[in-house]
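Participant: Here you go, this is upload-v8.cif (mmCIF, C-alpha atoms and all ligand atoms).
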```cif
data_my_file
#
loop_
_atom_site.group_PDB
_atom_site.id
_atom_site.type_symbol
_atom_site.label_atom_id
_atom_site.label_comp_id
_atom_site.auth_asym_id
_atom_site.auth_seq_id
_atom_site.Cartn_x
_atom_site.Cartn_y
_atom_site.Cartn_z
ATOM 1 C CA MET A 1 94.562 -8.095 27.969
ATOM 2 C CA HIS A 2 92.713 -10.718 29.939
ATOM 3 C CA ILE A 3 90.683 -13.677 28.814
ATOM 4 C CA ALA A 4 87.439 -12.674 30.453
ATOM 5 C CA PRO A 5 84.585 -10.412 29.452
ATOM 6 C CA PHE A 6 84.857 -6.799 30.511
ATOM 7 C CA ARG A 7 81.916 -5.982 32.755
ATOM 8 C CA VAL A 8 81.885 -2.685 34.558
ATOM 9 C CA ASN A 9 80.458 -2.617 38.042
ATOM 10 C CA PHE A 10 79.220 0.956 38.097
ATOM 11 C CA SER A 11 78.158 0.500 41.696
ATOM 12 C CA ASP A 12 81.763 0.076 42.793
ATOM 13 C CA PRO A 13 83.931 2.334 40.631
ATOM 14 C CA THR A 14 87.676 1.958 40.872
ATOM 15 C CA LEU A 15 88.043 5.596 41.756
ATOM 16 C CA LEU A 16 86.224 5.023 45.040
ATOM 17 C CA ALA A 17 88.136 1.811 45.720
ATOM 18 C CA LEU A 18 91.689 3.097 45.540
ATOM 19 C CA ASP A 19 92.460 2.146 49.114
ATOM 20 C CA ARG A 20 91.446 -1.475 48.596
ATOM 21 C CA LEU A 21 92.889 -2.268 45.181
ATOM 22 C CA ASP A 22 95.327 -4.658 46.838
ATOM 23 C CA GLN A 23 92.409 -6.803 47.935
ATOM 24 C CA LEU A 24 91.321 -7.263 44.315
ATOM 25 C CA VAL A 25 94.526 -8.954 43.183
ATOM 26 C CA ASP A 26 93.304 -12.458 43.952
ATOM 27 C CA GLN A 27 90.050 -12.159 42.054
ATOM 28 C CA PRO A 28 90.188 -14.511 39.067
ATOM 29 C CA HIS A 29 88.332 -12.209 36.725
ATOM 30 C CA LEU A 30 90.955 -9.498 37.141
ATOM 31 C CA ASP A 31 94.587 -9.101 36.150
ATOM 32 C CA ILE A 32 96.260 -6.365 38.137
ATOM 33 C CA VAL A 33 99.775 -5.250 37.282
ATOM 34 C CA THR A 34 101.492 -2.855 39.648
ATOM 35 C CA TYR A 35 104.568 -0.799 38.947
ATOM 36 C CA ASN A 36 106.351 1.324 41.470
ATOM 37 C CA ASP A 37 105.430 4.855 40.583
ATOM 38 C CA THR A 38 107.719 6.650 42.966
ATOM 39 C CA VAL A 39 109.392 8.287 39.960
ATOM 40 C CA ASP A 40 106.767 10.931 39.504
ATOM 41 C CA GLU A 41 105.740 11.868 35.976
ATOM 42 C CA SER A 42 107.957 9.250 34.390
ATOM 43 C CA TRP A 43 107.147 7.927 30.921
ATOM 44 C CA VAL A 44 105.170 4.724 30.735
ATOM 45 C CA TRP A 45 105.664 2.514 27.704
ATOM 46 C CA ILE A 46 103.030 -0.025 26.778
ATOM 47 C CA ILE A 47 103.395 -2.776 24.188
ATOM 48 C CA ILE A 48 100.042 -3.985 22.915
ATOM 49 C CA THR A 49 100.314 -7.226 20.977
ATOM 50 C CA ALA A 50 97.827 -9.159 18.907
ATOM 51 C CA PRO A 51 98.056 -12.941 18.710
ATOM 52 C CA ASP A 52 99.129 -14.572 15.473
ATOM 53 C CA LYS A 53 97.793 -17.938 16.542
ATOM 54 C CA VAL A 54 94.334 -18.892 17.664
ATOM 55 C CA PRO A 55 94.230 -19.726 21.375
ATOM 56 C CA THR A 56 91.760 -22.439 22.175
ATOM 57 C CA SER A 57 92.133 -22.753 25.935
ATOM 58 C CA GLY A 58 88.897 -22.332 27.799
ATOM 59 C CA GLY A 59 86.967 -23.238 24.685
ATOM 60 C CA LYS A 60 87.229 -19.723 23.326
ATOM 61 C CA THR A 61 87.922 -18.973 19.698
ATOM 62 C CA PHE A 62 89.754 -15.892 18.551
ATOM 63 C CA PHE A 63 90.290 -14.627 15.067
ATOM 64 C CA PRO A 64 92.909 -12.121 13.925
ATOM 65 C CA ALA A 65 91.462 -8.634 13.685
ATOM 66 C CA ALA A 66 92.784 -5.098 13.759
ATOM 67 C CA HIS A 67 91.795 -3.067 16.798
ATOM 68 C CA PRO A 68 91.531 0.721 17.146
ATOM 69 C CA MET A 69 93.029 1.118 20.601
ATOM 70 C CA HIS A 70 92.028 4.222 22.491
ATOM 71 C CA LEU A 71 93.487 5.666 25.671
ATOM 72 C CA HIS A 72 91.660 8.129 27.913
ATOM 73 C CA GLY A 73 93.387 10.822 29.914
ATOM 74 C CA HIS A 74 96.358 11.322 27.616
ATOM 75 C CA ASP A 75 97.597 11.780 24.145
ATOM 76 C CA PHE A 76 100.240 9.143 23.650
ATOM 77 C CA ALA A 77 103.355 8.969 21.516
ATOM 78 C CA LEU A 78 103.299 6.235 18.907
ATOM 79 C CA LEU A 79 106.788 4.769 18.956
ATOM 80 C CA ARG A 80 106.127 1.768 16.742
ATOM 81 C CA GLN A 81 103.252 0.275 14.778
ATOM 82 C CA SER A 82 104.012 -3.028 13.124
ATOM 83 C CA GLY A 83 102.194 -5.786 11.295
ATOM 84 C CA LYS A 84 104.822 -8.275 12.453
ATOM 85 C CA ASN A 85 104.030 -10.485 15.377
ATOM 86 C CA PHE A 86 105.843 -9.094 18.378
ATOM 87 C CA TYR A 87 107.324 -12.402 19.421
ATOM 88 C CA ASP A 88 108.665 -13.057 15.935
ATOM 89 C CA ASP A 89 110.137 -9.606 15.463
ATOM 90 C CA ASP A 90 113.889 -9.560 15.957
ATOM 91 C CA GLU A 91 113.942 -5.793 15.558
ATOM 92 C CA ILE A 92 111.940 -5.046 18.679
ATOM 93 C CA GLY A 93 110.669 -8.299 20.078
ATOM 94 C CA HIS A 94 112.460 -11.415 21.080
ATOM 95 C CA LYS A 95 112.426 -13.762 18.149
ATOM 96 C CA GLY A 96 112.763 -17.315 19.347
ATOM 97 C CA GLU A 97 112.623 -16.309 22.968
ATOM 98 C CA GLY A 98 108.890 -16.452 23.366
ATOM 99 C CA ARG A 99 107.451 -14.284 26.019
ATOM 100 C CA ASN A 100 110.601 -13.964 28.084
ATOM 101 C CA LEU A 101 110.708 -10.276 27.416
ATOM 102 C CA THR A 102 113.474 -8.095 28.701
ATOM 103 C CA ALA A 103 113.611 -4.437 27.956
ATOM 104 C CA ASP A 104 117.006 -4.306 26.279
ATOM 105 C CA LYS A 105 115.564 -3.460 22.849
ATOM 106 C CA LEU A 106 112.934 -1.116 24.193
ATOM 107 C CA ASN A 107 114.821 2.132 24.343
ATOM 108 C CA CYS A 108 115.375 5.069 22.079
ATOM 109 C CA LYS A 109 118.756 3.773 20.935
ATOM 110 C CA ASN A 110 116.774 1.287 18.889
ATOM 111 C CA GLU A 111 116.238 3.095 15.610
ATOM 112 C CA MET A 112 113.131 1.021 14.896
ATOM 113 C CA LEU A 113 111.432 2.996 17.645
ATOM 114 C CA LYS A 114 110.483 6.520 16.625
ATOM 115 C CA CYS A 115 111.405 8.628 19.629
ATOM 116 C CA ASP A 116 112.249 11.738 17.590
ATOM 117 C CA ASN A 117 109.013 13.652 17.012
ATOM 118 C CA PRO A 118 106.759 10.587 17.126
ATOM 119 C CA PRO A 119 103.126 10.843 15.997
ATOM 120 C CA ARG A 120 100.806 11.921 18.805
ATOM 121 C CA ARG A 121 97.521 10.071 18.925
ATOM 122 C CA ASP A 122 94.617 9.177 21.146
ATOM 123 C CA VAL A 123 93.710 6.188 19.007
ATOM 124 C CA VAL A 124 96.015 3.830 17.146
ATOM 125 C CA LEU A 125 95.154 0.885 14.960
ATOM 126 C CA LEU A 126 96.692 -2.280 16.320
ATOM 127 C CA PRO A 127 97.310 -4.314 13.147
ATOM 128 C CA ALA A 128 95.899 -7.834 13.087
ATOM 129 C CA THR A 129 98.605 -10.170 14.441
ATOM 130 C CA GLY A 130 100.911 -7.156 14.911
ATOM 131 C CA TYR A 131 101.764 -4.809 17.736
ATOM 132 C CA VAL A 132 102.154 -1.196 18.770
ATOM 133 C CA VAL A 133 104.465 0.483 21.242
ATOM 134 C CA ILE A 134 102.985 3.582 22.812
ATOM 135 C CA ALA A 135 104.241 5.926 25.525
ATOM 136 C CA PHE A 136 102.635 8.498 27.762
ATOM 137 C CA LYS A 137 103.879 10.694 30.542
ATOM 138 C CA ALA A 138 102.315 9.674 33.841
ATOM 139 C CA ASP A 139 101.427 13.181 34.883
ATOM 140 C CA ASN A 140 97.637 13.082 35.049
ATOM 141 C CA PRO A 141 95.957 11.832 38.199
ATOM 142 C CA GLY A 142 92.792 13.269 36.707
ATOM 143 C CA THR A 143 90.818 16.469 36.494
ATOM 144 C CA PHE A 144 87.392 17.301 35.151
ATOM 145 C CA THR A 145 88.895 19.663 32.600
ATOM 146 C CA LEU A 146 91.084 17.058 31.002
ATOM 147 C CA PHE A 147 88.285 14.550 30.925
ATOM 148 C CA SER A 148 85.791 16.804 29.184
ATOM 149 C CA PRO A 149 86.713 15.766 25.608
ATOM 150 C CA VAL A 150 85.240 12.344 26.250
ATOM 151 C CA LEU A 151 81.868 13.472 27.549
ATOM 152 C CA LEU A 152 80.311 11.308 24.879
ATOM 153 C CA HIS A 153 80.761 8.527 27.379
ATOM 154 C CA GLY A 154 78.165 10.259 29.491
ATOM 155 C CA LEU A 155 77.754 11.912 32.810
ATOM 156 C CA LEU A 156 78.008 8.687 34.694
ATOM 157 C CA ALA A 157 81.336 7.812 33.158
ATOM 158 C CA LYS A 158 82.527 11.319 33.813
ATOM 159 C CA SER A 159 81.556 10.990 37.415
ATOM 160 C CA CYS A 160 82.758 7.505 38.131
ATOM 161 C CA ILE A 161 85.913 6.723 36.173
ATOM 162 C CA ILE A 162 87.608 10.085 36.122
ATOM 163 C CA GLY A 163 91.242 9.825 37.148
ATOM 164 C CA VAL A 164 91.312 6.128 36.380
ATOM 165 C CA TRP A 165 91.974 5.947 32.682
ATOM 166 C CA ILE A 166 90.635 3.242 30.495
ATOM 167 C CA ILE A 167 92.493 1.882 27.492
ATOM 168 C CA HIS A 168 90.290 -0.159 25.228
ATOM 169 C CA CYS A 169 89.475 -1.257 21.724
ATOM 170 C CA HIS A 170 86.968 1.183 20.313
ATOM 171 C CA ILE A 171 84.916 -1.557 18.701
ATOM 172 C CA ALA A 172 82.340 -1.888 21.456
ATOM 173 C CA PHE A 173 81.869 -5.639 21.360
ATOM 174 C CA HIS A 174 85.641 -6.183 21.375
ATOM 175 C CA ALA A 175 85.832 -4.113 24.557
ATOM 176 C CA SER A 176 82.946 -6.101 25.983
ATOM 177 C CA SER A 177 84.831 -9.271 25.100
ATOM 178 C CA GLY A 178 87.694 -8.165 27.301
ATOM 179 C CA LEU A 179 89.933 -5.900 25.236
ATOM 180 C CA ALA A 180 90.012 -3.210 27.874
ATOM 181 C CA MET A 181 91.851 -2.325 31.032
ATOM 182 C CA GLN A 182 92.093 0.543 33.475
ATOM 183 C CA ILE A 183 95.216 2.521 34.264
ATOM 184 C CA VAL A 184 95.573 4.047 37.705
ATOM 185 C CA GLU A 185 98.404 6.542 37.687
ATOM 186 C CA ASN A 186 99.781 8.757 40.435
ATOM 187 C CA LYS A 187 97.435 6.914 42.764
ATOM 188 C CA ASP A 188 98.701 8.756 45.807
ATOM 189 C CA ARG A 189 97.869 12.113 44.218
ATOM 190 C CA ILE A 190 94.306 11.243 43.226
ATOM 191 C CA PRO A 191 92.684 11.891 46.652
ATOM 192 C CA GLU A 192 94.000 15.455 46.695
ATOM 193 C CA VAL A 193 92.985 16.107 43.083
ATOM 194 C CA MET A 194 89.477 14.789 43.569
ATOM 195 C CA LYS A 195 88.941 16.100 47.083
ATOM 196 C CA GLU A 196 86.575 18.805 45.906
ATOM 197 C CA ASP A 197 84.759 16.532 43.469
ATOM 198 C CA LYS A 198 84.468 13.445 45.630
ATOM 199 C CA PRO A 199 81.078 14.443 47.122
ATOM 200 C CA LYS A 200 79.737 14.893 43.566
ATOM 201 C CA ILE A 201 81.157 11.546 42.526
ATOM 202 C CA LYS A 202 79.592 9.835 45.523
ATOM 203 C CA GLU A 203 76.291 11.577 44.862
ATOM 204 C CA ALA A 204 76.299 10.448 41.222
ATOM 205 C CA CYS A 205 76.997 6.895 42.311
ATOM 206 C CA ARG A 206 74.275 7.088 44.972
ATOM 207 C CA LYS A 207 71.800 8.155 42.300
ATOM 208 C CA TRP A 208 73.000 5.369 40.043
ATOM 209 C CA ASN A 209 72.552 2.780 42.774
ATOM 210 C CA ALA A 210 69.087 4.032 43.593
ATOM 211 C CA TRP A 211 68.137 3.833 39.928
ATOM 212 C CA TYR A 212 69.862 0.548 39.175
ATOM 213 C CA ASN A 213 68.446 -1.197 42.220
ATOM 214 C CA ASN A 214 64.923 -0.536 41.009
ATOM 215 C CA PRO A 215 64.009 -3.359 38.581
ATOM 216 C CA VAL A 216 61.376 -1.137 37.006
ATOM 217 C CA ASN A 217 64.228 0.696 35.340
ATOM 218 C CA HIS A 218 65.591 -2.391 33.655
ATOM 219 C CA TRP A 219 64.802 -2.583 29.991
ATOM 220 C CA ASP A 220 64.389 -6.351 29.910
ATOM 221 C CA TRP A 221 61.396 -6.981 32.164
ATOM 222 C CA ASP A 222 61.698 -10.738 32.155
ATOM 223 C CA HIS A 223 65.451 -10.848 32.620
ATOM 224 C CA PRO A 224 66.612 -7.865 34.627
ATOM 225 C CA GLU A 225 70.005 -9.509 35.070
ATOM 226 C CA HIS A 226 70.530 -8.816 31.379
ATOM 227 C CA PHE A 227 70.295 -5.095 31.882
ATOM 228 C CA GLN A 228 73.904 -4.360 31.067
ATOM 229 C CA ASP A 229 74.213 -6.002 27.708
ATOM 230 C CA ASP A 230 77.633 -4.566 26.978
ATOM 231 C CA SER A 231 80.583 -3.335 28.960
ATOM 232 C CA GLY A 232 79.254 0.148 29.361
ATOM 233 C CA VAL A 233 82.177 1.477 27.316
HETATM 234 CU CU CU B 1 88.934 -4.576 18.520
#
```
For this file, produce the structure as structure tokens.
Ligand SMILES: [Cu+2]
Facilitator:
Amino acid sequence: MHIAPFRVNFSDPTLLALDRLDQLVDQPHLDIVTYNDTVDESWVWIIITAPDKVPTSGGKTFFPAAHPMHLHGHDFALLRQSGKNFYDDDEIGHKGEGRNLTADKLNCKNEMLKCDNPPRRDVVLLPATGYVVIAFKADNPGTFTLFSPVLLHGLLAKSCIIGVWIIHCHIAFHASSGLAMQIVENKDRIPEVMKEDKPKIKEACRKWNAWYNNPVNHWDWDHPEHFQDDSGV
């Protein structure tokens, strides 16, 4: 999703930065993709691909591995799960055309995509070197009720990333390595939805900042900068 580690800045959650997301576009550690969401509650399709070759740029080494990909905020429809490499798949992908993807094969007329009663999941295994095509209806700018099934992620997560949905590999160190991104949907509707909860969100973040800014609370006394030893996911 981006060749950089995934480090969450809990002191500046996306949910409280919605009006300055545009200013983040130039930051090298972030990839931000924006689609016009004026068609309310339209279906969003996401292709998640796994590399079949080992990129070496930047001195990083990857190895093929399957990834249990998990999306918050929605169940998604699983339209395709394949062990073929997306860019070598002439059924769905663009064999021989590299990454010059157009959407002409990504529609329900393509019988390789299961649009008729597709499996509904919140996790799907992305096969090593393969790909998945998932779809969700962009109808959830976020509520506490809908977020409650993932309380395992803790009160802080509940308070600070609600309404901004994370999609990530559920193997924690893969997420930490960068296999994670956030989805902001119905951005213009979020302020109204969270109007009542915003004071609570701000209060939770204020408490976090007060706690985090006190080095006594850091587990590694000699190296407090190492406090967050994973992504937080
Ligand atoms: Cu993984």
Participant: So what does the PyMOL selection byres (((not hetatm)) within 7 of (chain B and resi 1)) actually pick up in this one, as a ChimeraX atom specification?
Facilitator: /A:65-68,169-171,174-175,179
Participant: Can you list, as a list in words, the residues that the PyMOL selection byres (((chain A and resi 184-192) around 6) and not hetatm) selects here?
Facilitator: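 When the PyMOL selection byres (((chain A and resi 184-192) around 6) and not hetatm) is applied to the shown file, the picked residues are Pro141, Val164, Ile183, Val193, Met194 and Lys195 of chain A.
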Participant: Going by the chain IDs and residue numbers used in this file, which residues fall under the PyMOL selection byres (((chain A and resi 44) around 8) and not hetatm)? Write them as a short mmCIF file (atom, residue, chain, number, x, y, z; two decimals) with C-alpha atoms, keeping the file's coordinate frame.
Facilitator:
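Saved file selection29.cif follows:
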```cif
data_model
loop_
_atom_site.label_atom_id
_atom_site.label_comp_id
_atom_site.auth_asym_id
_atom_site.auth_seq_id
_atom_site.Cartn_x
_atom_site.Cartn_y
_atom_site.Cartn_z
CA SER A 42 107.96 9.25 34.39
CA TRP A 43 107.15 7.93 30.92
CA TRP A 45 105.66 2.51 27.70
CA ILE A 46 103.03 -0.02 26.78
CA ALA A 135 104.24 5.93 25.52
CA PHE A 136 102.64 8.50 27.76
CA LYS A 137 103.88 10.69 30.54
CA ALA A 138 102.32 9.67 33.84
#
```
Participant: Of the candidates A:Gln81, A:Asn209, A:Gln27, A:Thr129, which one gets nearest to Leu113 of chain A if we count all atoms listed in the file?
Facilitator: A:Gln81
Participant: Calculated over all atoms listed in the file, which of the candidates A:Val124, A:Leu18, A:Tyr212, A:Arg80 has the smallest distance to Asn110 of chain A?
Facilitator: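 Nearest candidate to Asn110 of chain A out of A:Val124, A:Leu18, A:Tyr212, A:Arg80: A:Arg80.
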Participant: When distances are computed from only C-alpha atoms, which of A:Met112, A:Ala172, A:Pro118, A:Ser11 shows the smallest separation from Lys207 of chain A?
Facilitator: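 Among the listed residues, A:Ser11 lies closest to Lys207 of chain A.
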Participant: Do you have the atom CA of Leu106 of chain A-atom CA of His94 of chain A distance handy?
Facilitator: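 It comes out at 10.8 Å.
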Participant: Report the distance between atom CA of Ile92 of chain A and atom CA of Ile48 of chain A in Å, rounded to one decimal place.
Facilitator: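 Straight-line distance from atom CA of Ile92 of chain A to atom CA of Ile48 of chain A works out to 12.7 Å.
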Participant: Rounded to one decimal in Å, what is the spacing between atom CA of Phe63 of chain A and atom CA of Gly178 of chain A?
Facilitator: 14.1 Å
Participant: With distances taken over all atoms listed in the file, which of A:Cys205, A:Ala128, A:Val233, A:Val123 is nearest to Pro51 of chain A?
Facilitator: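 Among the listed residues, the smallest separation from Pro51 of chain A belongs to A:Ala128.
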Participant: Out of A:Trp211, A:Met69, A:Leu79, A:Asp31, which residue has the shortest atom-to-atom distance to Cys115 of chain A when counting all atoms listed in the file?
Facilitator: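 For Cys115 of chain A, the nearest of the candidates is A:Leu79.
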Participant: Closest to Asp122 of chain A among A:Lys109, A:Ile166, A:Lys95, A:Phe86, using all atoms listed in the file?
Facilitator: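 Of all the options, A:Ile166 lies closest to Asp122 of chain A.
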Participant: Could you give me, as number ranges by chain, the residues that have an atom at most 6 Å away from the point (97.5, 11.6, 30.4) in the coordinates of the file, using all atoms listed in the file?
Facilitator: A: 73-74, 140
Participant: Complete segment 69-81 of chain A at the level of N, CA and C atoms, written as an mmCIF file, keeping the file's coordinate frame.
Facilitator:
```
data_model
loop_
_atom_site.group_PDB
_atom_site.id
_atom_site.type_symbol
_atom_site.label_atom_id
_atom_site.label_comp_id
_atom_site.auth_asym_id
_atom_site.auth_seq_id
_atom_site.Cartn_x
_atom_site.Cartn_y
_atom_site.Cartn_z
ATOM 1 N N MET A 69 92.832 1.033 19.152
ATOM 2 C CA MET A 69 93.029 1.118 20.601
ATOM 3 C C MET A 69 93.040 2.581 21.031
ATOM 4 N N HIS A 70 92.260 2.845 22.062
ATOM 5 C CA HIS A 70 92.028 4.222 22.491
ATOM 6 C C HIS A 70 92.360 4.364 23.971
ATOM 7 N N LEU A 71 93.106 5.403 24.279
ATOM 8 C CA LEU A 71 93.487 5.666 25.671
ATOM 9 C C LEU A 71 92.832 6.957 26.143
ATOM 10 N N HIS A 72 92.213 6.918 27.294
ATOM 11 C CA HIS A 72 91.660 8.129 27.913
ATOM 12 C C HIS A 72 92.739 8.822 28.743
ATOM 13 N N GLY A 73 92.559 10.108 28.953
ATOM 14 C CA GLY A 73 93.387 10.822 29.914
ATOM 15 C C GLY A 73 94.703 11.344 29.376
ATOM 16 N N HIS A 74 95.090 10.904 28.201
ATOM 17 C CA HIS A 74 96.358 11.322 27.616
ATOM 18 C C HIS A 74 96.262 11.326 26.092
ATOM 19 N N ASP A 75 97.110 12.133 25.471
ATOM 20 C CA ASP A 75 97.597 11.780 24.145
ATOM 21 C C ASP A 75 98.812 10.895 24.375
ATOM 22 N N PHE A 76 99.038 9.960 23.485
ATOM 23 C CA PHE A 76 100.240 9.143 23.650
ATOM 24 C C PHE A 76 101.134 9.288 22.426
ATOM 25 N N ALA A 77 102.406 8.996 22.626
ATOM 26 C CA ALA A 77 103.355 8.969 21.516
ATOM 27 C C ALA A 77 103.341 7.572 20.914
ATOM 28 N N LEU A 78 103.285 7.526 19.603
ATOM 29 C CA LEU A 78 103.299 6.235 18.907
ATOM 30 C C LEU A 78 104.731 5.940 18.475
ATOM 31 N N LEU A 79 105.371 5.048 19.203
ATOM 32 C CA LEU A 79 106.788 4.769 18.956
ATOM 33 C C LEU A 79 106.986 3.688 17.899
ATOM 34 N N ARG A 80 105.985 2.860 17.707
ATOM 35 C CA ARG A 80 106.127 1.768 16.742
ATOM 36 C C ARG A 80 104.751 1.177 16.466
ATOM 37 N N GLN A 81 104.491 0.934 15.198
ATOM 38 C CA GLN A 81 103.252 0.275 14.778
ATOM 39 C C GLN A 81 103.665 -0.731 13.726
#
```
